[in-house]
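Participant: Next comes the structure file protein-v9.cif, holding mmCIF, C-alpha atoms.
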```cif
data_query
#
loop_
_atom_site.label_atom_id
_atom_site.label_comp_id
_atom_site.auth_asym_id
_atom_site.auth_seq_id
_atom_site.Cartn_x
_atom_site.Cartn_y
_atom_site.Cartn_z
CA MET Z 1 21.46 164.57 -80.49
CA LYS Z 2 22.63 161.16 -81.64
CA VAL Z 3 24.73 159.44 -78.93
CA LYS Z 4 26.45 156.05 -79.17
CA ILE Z 5 26.75 154.05 -75.97
CA LEU Z 6 29.89 151.92 -75.68
CA VAL Z 7 30.69 149.37 -72.99
CA ASP Z 8 33.69 147.08 -72.78
CA SER Z 9 33.44 143.31 -73.13
CA THR Z 10 33.60 142.70 -69.39
CA ALA Z 11 30.07 144.10 -69.34
CA ASP Z 12 28.14 140.89 -69.83
CA ILE Z 13 25.56 142.69 -71.90
CA PRO Z 14 22.57 140.64 -73.05
CA PHE Z 15 22.90 139.94 -76.76
CA SER Z 16 19.52 141.47 -77.57
CA TRP Z 17 20.38 144.76 -75.88
CA MET Z 18 23.09 145.68 -78.40
CA GLU Z 19 20.66 146.61 -81.15
CA LYS Z 20 17.69 147.40 -78.93
CA TYR Z 21 19.53 150.12 -77.00
CA ASP Z 22 22.03 151.08 -79.71
CA MET Z 23 25.03 149.87 -77.72
CA ASP Z 24 28.39 148.53 -78.80
CA SER Z 25 31.09 146.54 -77.01
CA ILE Z 26 34.84 146.98 -77.30
CA PRO Z 27 36.76 143.75 -76.64
CA LEU Z 28 39.46 143.13 -74.08
CA TYR Z 29 41.87 140.28 -74.87
CA VAL Z 30 42.68 136.83 -73.56
CA VAL Z 31 46.38 135.96 -73.77
CA TRP Z 32 47.35 132.28 -73.66
CA ASP Z 33 50.61 130.83 -72.35
CA ASP Z 34 51.95 130.33 -75.88
CA GLY Z 35 51.65 134.07 -76.50
CA THR Z 36 48.60 133.91 -78.74
CA SER Z 37 45.96 136.54 -78.10
CA GLU Z 38 42.26 136.58 -78.93
CA PRO Z 39 39.61 139.29 -78.60
CA ASP Z 40 36.80 138.88 -76.11
CA GLU Z 41 34.18 138.74 -78.85
CA ARG Z 42 30.65 138.71 -77.53
CA THR Z 43 28.83 136.08 -79.57
CA PRO Z 44 27.11 132.94 -78.24
CA GLU Z 45 29.34 130.68 -80.33
CA GLU Z 46 32.60 132.31 -79.21
CA ILE Z 47 31.61 132.18 -75.54
CA GLU Z 48 30.47 128.54 -75.57
CA ASN Z 49 33.67 127.53 -77.35
CA PHE Z 50 35.75 129.42 -74.78
CA TYR Z 51 34.06 127.67 -71.84
CA ARG Z 52 35.19 124.34 -73.29
CA ARG Z 53 38.73 125.49 -73.98
CA ILE Z 54 39.39 127.08 -70.59
CA LYS Z 55 38.23 123.92 -68.83
CA GLU Z 56 40.69 121.89 -70.89
CA ALA Z 57 43.58 124.37 -70.51
CA GLY Z 58 46.49 123.37 -68.32
CA SER Z 59 46.84 126.90 -66.93
CA VAL Z 60 44.80 130.06 -66.57
CA PRO Z 61 45.41 132.57 -69.41
CA LYS Z 62 46.09 136.25 -68.80
CA THR Z 63 44.01 139.17 -69.98
CA SER Z 64 44.74 142.63 -71.33
CA GLN Z 65 42.77 145.83 -71.82
CA PRO Z 66 41.84 147.47 -75.12
CA SER Z 67 44.55 149.81 -76.40
CA VAL Z 68 44.15 153.54 -76.84
CA GLU Z 69 44.18 152.89 -80.59
CA ASP Z 70 41.34 150.36 -80.22
CA PHE Z 71 39.18 153.02 -78.59
CA LYS Z 72 40.16 155.68 -81.12
CA LYS Z 73 39.04 153.44 -83.98
CA LYS Z 74 35.67 152.96 -82.32
CA TYR Z 75 35.17 156.68 -81.66
CA LEU Z 76 36.09 157.66 -85.21
CA LYS Z 77 33.82 154.96 -86.62
CA TYR Z 78 30.88 156.41 -84.72
CA ARG Z 79 31.71 159.90 -85.98
CA GLU Z 80 31.68 158.59 -89.55
CA GLU Z 81 28.31 156.95 -88.86
CA GLY Z 82 26.86 160.33 -87.93
CA TYR Z 83 26.90 160.22 -84.14
CA ASP Z 84 27.30 163.53 -82.31
CA ALA Z 85 28.86 162.09 -79.13
CA VAL Z 86 29.93 158.87 -77.42
CA LEU Z 87 29.11 157.73 -73.89
CA VAL Z 88 31.50 155.06 -72.59
CA LEU Z 89 30.85 152.96 -69.48
CA THR Z 90 33.81 150.85 -68.36
CA ILE Z 91 34.68 148.21 -65.83
CA SER Z 92 36.00 149.56 -62.52
CA SER Z 93 39.35 151.31 -62.92
CA LYS Z 94 40.53 149.34 -59.87
CA LEU Z 95 40.13 146.10 -61.82
CA SER Z 96 41.42 147.09 -65.26
CA GLY Z 97 43.23 149.81 -67.19
CA THR Z 98 40.34 149.95 -69.66
CA TYR Z 99 38.99 153.22 -68.25
CA ASN Z 100 42.38 154.87 -68.67
CA SER Z 101 42.66 153.74 -72.30
CA ALA Z 102 39.19 155.12 -73.01
CA VAL Z 103 40.04 158.50 -71.48
CA LEU Z 104 43.37 158.84 -73.31
CA ALA Z 105 41.74 157.99 -76.63
CA ALA Z 106 38.98 160.55 -76.04
CA ARG Z 107 41.60 163.30 -76.00
CA GLU Z 108 42.78 162.39 -79.48
CA VAL Z 109 39.52 162.50 -81.46
CA ASP Z 110 37.28 165.28 -82.73
CA ILE Z 111 34.01 163.90 -81.39
CA PRO Z 112 32.84 164.52 -77.81
CA VAL Z 113 33.48 161.41 -75.69
CA HIS Z 114 32.27 161.04 -72.10
CA VAL Z 115 33.86 158.19 -70.12
CA VAL Z 116 32.27 156.81 -66.95
CA ASP Z 117 34.15 154.60 -64.50
CA THR Z 118 31.20 152.51 -63.30
CA ARG Z 119 33.23 150.97 -60.45
CA LEU Z 120 31.34 147.79 -61.39
CA ALA Z 121 31.83 144.70 -63.54
CA SER Z 122 29.96 142.01 -65.45
CA GLY Z 123 26.15 142.11 -65.50
CA ALA Z 124 25.98 145.28 -63.41
CA ILE Z 125 27.43 147.49 -66.17
CA PRO Z 126 24.68 147.12 -68.82
CA LEU Z 127 22.06 148.37 -66.33
CA PRO Z 128 23.29 151.98 -66.04
CA ALA Z 129 23.96 151.86 -69.79
CA ARG Z 130 20.28 151.05 -70.33
CA VAL Z 131 19.26 153.85 -67.98
CA ALA Z 132 21.40 156.24 -70.00
CA ARG Z 133 19.77 155.18 -73.26
CA GLU Z 134 16.27 155.51 -71.86
CA MET Z 135 17.06 159.03 -70.62
CA LEU Z 136 18.62 160.05 -73.92
CA GLU Z 137 15.56 158.83 -75.81
CA LYS Z 138 13.44 161.16 -73.69
CA GLY Z 139 15.57 164.10 -74.80
CA THR Z 140 17.69 164.40 -71.65
CA SER Z 141 21.03 166.10 -72.28
CA VAL Z 142 24.25 164.11 -72.00
CA GLU Z 143 25.31 166.31 -69.08
CA GLU Z 144 22.11 165.51 -67.18
CA VAL Z 145 22.48 161.81 -67.96
CA LEU Z 146 26.02 161.84 -66.56
CA LYS Z 147 24.85 163.64 -63.43
CA LYS Z 148 22.01 161.17 -62.85
CA LEU Z 149 24.25 158.15 -63.42
CA ASP Z 150 26.79 159.52 -60.95
CA GLU Z 151 24.08 160.03 -58.32
CA ARG Z 152 22.68 156.54 -58.73
CA LEU Z 153 26.09 154.86 -58.81
CA LYS Z 154 27.07 156.63 -55.58
CA ASN Z 155 23.71 155.66 -54.07
CA GLY Z 156 24.45 151.96 -54.62
CA ASP Z 157 21.54 151.46 -57.01
CA PHE Z 158 23.64 149.13 -59.18
CA LYS Z 159 25.26 146.03 -57.73
CA ALA Z 160 27.33 143.03 -58.78
CA ILE Z 161 27.14 140.01 -56.48
CA PHE Z 162 28.20 136.47 -57.36
CA TYR Z 163 29.77 133.23 -56.24
CA VAL Z 164 32.66 131.29 -57.75
CA SER Z 165 33.15 127.54 -57.75
CA ASP Z 166 36.96 127.69 -57.96
CA PHE Z 167 38.47 130.66 -56.12
CA ASN Z 168 41.91 129.90 -57.55
CA TYR Z 169 40.99 131.64 -60.81
CA LEU Z 170 40.56 134.93 -58.95
CA VAL Z 171 43.71 134.44 -56.90
CA LYS Z 172 45.82 133.72 -59.97
CA GLY Z 173 44.32 136.65 -61.81
CA GLY Z 174 45.15 139.03 -58.98
CA ARG Z 175 41.80 140.85 -59.16
CA VAL Z 176 40.54 140.35 -55.60
CA SER Z 177 41.17 142.32 -52.44
CA LYS Z 178 41.19 141.08 -48.84
CA PHE Z 179 41.16 137.44 -49.91
CA GLN Z 180 43.39 135.99 -47.19
CA GLY Z 181 41.77 132.94 -45.67
CA PHE Z 182 39.46 132.33 -48.61
CA VAL Z 183 41.70 130.09 -50.69
CA GLY Z 184 40.69 126.45 -50.70
CA ASN Z 185 39.92 123.53 -52.96
CA LEU Z 186 37.44 121.66 -50.79
CA LEU Z 187 34.69 119.90 -52.68
CA LYS Z 188 31.70 122.12 -53.47
CA ILE Z 189 33.08 125.12 -51.59
CA ARG Z 190 31.68 128.35 -53.06
CA VAL Z 191 33.22 131.74 -52.40
CA CYS Z 192 30.76 134.65 -52.46
CA LEU Z 193 31.93 138.08 -53.62
CA HIS Z 194 30.58 141.54 -54.24
CA ILE Z 195 31.98 144.77 -55.62
CA GLU Z 196 32.60 147.48 -53.06
CA ASN Z 197 34.17 150.82 -53.98
CA GLY Z 198 35.23 149.33 -57.29
CA GLU Z 199 37.00 146.32 -55.78
CA LEU Z 200 36.13 142.63 -55.72
CA ILE Z 201 35.66 141.64 -52.09
CA PRO Z 202 35.07 138.03 -50.97
CA TYR Z 203 32.76 137.96 -47.97
CA ARG Z 204 31.77 134.34 -47.31
CA LYS Z 205 32.62 130.70 -47.95
CA VAL Z 206 29.78 128.18 -48.09
CA ARG Z 207 29.34 124.61 -49.19
CA GLY Z 208 27.08 124.02 -52.21
CA ASP Z 209 25.14 126.15 -54.67
CA ARG Z 210 21.99 126.50 -52.57
CA LYS Z 211 23.78 128.06 -49.62
CA ALA Z 212 25.71 130.27 -52.05
CA VAL Z 213 22.44 131.56 -53.53
CA GLU Z 214 21.15 132.33 -50.03
CA ALA Z 215 24.38 134.19 -49.23
CA LEU Z 216 24.10 136.33 -52.37
CA ILE Z 217 20.56 137.39 -51.58
CA GLU Z 218 21.49 138.04 -47.96
CA LYS Z 219 24.24 140.40 -49.14
CA LEU Z 220 21.73 142.23 -51.35
CA SER Z 221 19.32 142.58 -48.40
CA GLU Z 222 21.91 144.49 -46.34
CA ASP Z 223 20.85 147.78 -47.95
CA THR Z 224 17.94 146.69 -50.17
CA PRO Z 225 15.05 145.35 -48.05
CA GLU Z 226 13.08 142.34 -49.23
CA GLY Z 227 10.11 143.38 -51.33
CA SER Z 228 12.07 146.12 -53.10
CA LYS Z 229 11.58 146.58 -56.84
CA LEU Z 230 14.48 145.32 -58.97
CA ARG Z 231 15.71 144.95 -62.52
CA VAL Z 232 18.07 141.97 -62.84
CA ILE Z 233 20.62 140.52 -65.23
CA GLY Z 234 21.47 136.97 -64.16
CA VAL Z 235 24.97 135.98 -65.29
CA HIS Z 236 26.82 132.69 -65.36
CA ALA Z 237 29.95 131.03 -66.70
CA ASP Z 238 28.65 127.74 -68.11
CA ASN Z 239 26.19 127.24 -65.25
CA LYS Z 240 22.66 127.87 -66.54
CA ALA Z 241 21.08 125.72 -63.83
CA GLY Z 242 22.80 127.75 -61.13
CA VAL Z 243 21.62 131.11 -62.44
CA MET Z 244 18.06 129.80 -62.82
CA GLU Z 245 18.09 128.72 -59.17
CA LEU Z 246 19.36 132.15 -58.16
CA LEU Z 247 16.64 134.00 -60.08
CA ASN Z 248 13.91 131.68 -58.84
CA THR Z 249 14.95 132.32 -55.24
CA LEU Z 250 15.28 136.06 -55.79
CA ARG Z 251 11.72 136.31 -57.13
CA LYS Z 252 10.37 134.86 -53.90
CA LYS Z 253 11.84 137.70 -51.87
CA TYR Z 254 11.83 140.71 -54.23
CA GLU Z 255 9.60 142.33 -56.81
CA VAL Z 256 11.57 141.55 -59.96
CA VAL Z 257 9.95 143.63 -62.70
CA ASP Z 258 12.46 142.84 -65.43
CA GLU Z 259 14.97 140.01 -65.74
CA ILE Z 260 17.20 138.49 -68.37
CA ILE Z 261 20.02 135.92 -68.37
CA SER Z 262 23.35 136.64 -70.02
CA PRO Z 263 26.48 134.45 -70.23
CA MET Z 264 29.77 135.76 -68.89
CA GLY Z 265 32.30 136.59 -71.58
CA LYS Z 266 35.84 135.31 -72.05
CA VAL Z 267 37.72 137.83 -69.90
CA ILE Z 268 35.33 137.70 -66.95
CA THR Z 269 35.30 133.89 -67.13
CA THR Z 270 39.10 133.85 -67.17
CA HIS Z 271 39.11 135.64 -63.81
CA VAL Z 272 36.19 133.97 -62.05
CA GLY Z 273 36.30 130.50 -63.60
CA PRO Z 274 33.63 128.19 -65.02
CA GLY Z 275 30.70 127.49 -62.72
CA THR Z 276 30.36 131.09 -61.55
CA VAL Z 277 26.85 132.45 -60.97
CA GLY Z 278 25.67 135.91 -60.02
CA PHE Z 279 23.60 138.92 -60.90
CA GLY Z 280 23.75 142.54 -61.84
CA ILE Z 281 21.05 144.40 -59.91
CA GLU Z 282 19.39 147.73 -60.52
CA VAL Z 283 17.40 148.89 -57.51
CA LEU Z 284 14.38 150.67 -58.94
CA GLU Z 285 12.63 151.29 -55.64
CA ARG Z 286 13.68 150.37 -52.11
CA ARG Z 287 10.93 149.17 -49.84
CA LYS Z 288 10.65 151.31 -46.74
#
```
Kindly transcribe the structure held in the file into structure tokens.

Facilitator:
Amino acid sequence: MKVKILVDSTADIPFSWMEKYDMDSIPLYVVWDDGTSEPDERTPEEIENFYRRIKEAGSVPKTSQPSVEDFKKKYLKYREEGYDAVLVLTISSKLSGTYNSAVLAAREVDIPVHVVDTRLASGAIPLPARVAREMLEKGTSVEEVLKKLDERLKNGDFKAIFYVSDFNYLVKGGRVSKFQGFVGNLLKIRVCLHIENGELIPYRKVRGDRKAVEALIEKLSEDTPEGSKLRVIGVHADNKAGVMELLNTLRKKYEVVDEIISPMGKVITTHVGPGTVGFGIEVLERRK
């Protein structure tokens, strides 16, 4: 059975994974104050250019989800290309209407489409997508893949943890929960967040990148003991040095068997702001 895997552009999927794991990305949109809209295209050139423009912008743009028609076009394209089914993994439905658009579109096409609300975001989404591809390549049925993904998602095997350098982006975007008391513009203040039950939850304020890195790894250690075996996607919004420091520190405490760095796309960067650093984690084996 030939299955296409589709993620949305908030999944900061490593560029090389698109072809390697036969994945595709459907763009969300960035909407500027003057009403112009642009797709969240996932190319190195587009992303680098966007980092520059959002830093220079006088205000934070808005974002919008893919339309039902956008998804339908993708599904029908895959059918024409000879795929037998489509597996869609979306950003948390508590953060975007993307999941809903994907589901509505699935009802209007004559190819089987299975939509998964990952309850995650950013670099955490490509990890279950990779797991799905690896299972499919072994001949596992789509139904079994969906069951396994659901089990592992509920088990907390996939995580998104990060820090932002300017919390005002998240406040203005309205995508955080329980953020009272976290707003502030003090120099070098970093706000650390994680995704819990599909929501972005800030859990600590620290001063400086080093303490922020320590806080991220401390959050991971709450249910994943040091020495556990991990697969990691380090993500950043125009902060390569920060993500390198994070990965270097992580390797000292965990068995990282696979790692890659991927830049955050336009829509995620719009909400978290330049300077953000974090990781998507797949827990392969928890140390007892």

Participant: I'd like a table as a Markdown table: residues in segment 62-130 of chain Z with an atom no more than 9 Å from segment 208-232 of chain Z, each row giving the shortest atom pair and its distance in Å to one decimal, all atoms listed in the file counted, sorted by chain and rising residue number.

Facilitator:
```
| residue | atom | partner | partner_atom | distance |
| --- | --- | --- | --- | --- |
| Z:Gly123 | CA | Z:Val232 | CA | 8.5 |
| Z:Ala124 | CA | Z:Val232 | CA | 8.6 |
| Z:Leu127 | CA | Z:Arg231 | CA | 8.2 |
```

Participant: Produce a file of the selected residues containing C-alpha atoms, as a CSV table (one decimal), in the coordinates of the input.

Facilitator:
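What ended up in out_8.csv:
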```csv
chain,number,residue,atom,x,y,z
Z,123,GLY,CA,26.2,142.1,-65.5
Z,124,ALA,CA,26.0,145.3,-63.4
Z,127,LEU,CA,22.1,148.4,-66.3
```

Participant: Where does the PyMOL selection byres ((chain Z and resi 21) around 12) land in this file, that is, which residues does it pick, as a PyMOL selection string?

Facilitator: chain Z and resi 3-7+13-20+22-24+126-137

Participant: List the residues selected by the PyMOL selection byres ((chain Z and resi 100) around 12) in the file shown, writing them as a list in words.

Facilitator: Gln65, Pro66, Ser67, Val68, Phe71, Val88, Leu89, Thr90, Ile91, Ser92, Ser93, Lys94, Leu95, Ser96, Gly97, Thr98, Tyr99, Ser101, Ala102, Val103, Leu104, Ala105, Ala106, Arg107, Val115, Val116 and Asp117 of chain Z

Participant: So, counting only C-alpha atoms, which residue among Z:Asn155, Z:Thr270, Z:Asn239, Z:Ser141 is closest to Val283 of chain Z?

Facilitator: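 Under the stated criterion, the closest residue is Z:Asn155.
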
Participant: Of the candidates Z:Ala11, Z:Leu149, Z:Ile111, Z:Leu284, which shows the shortest atom-to-atom distance to Tyr254 of chain Z, using all atoms listed in the file?

Facilitator: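 When distances to Tyr254 of chain Z are compared using all atoms listed in the file, the smallest one comes from Z:Leu284.
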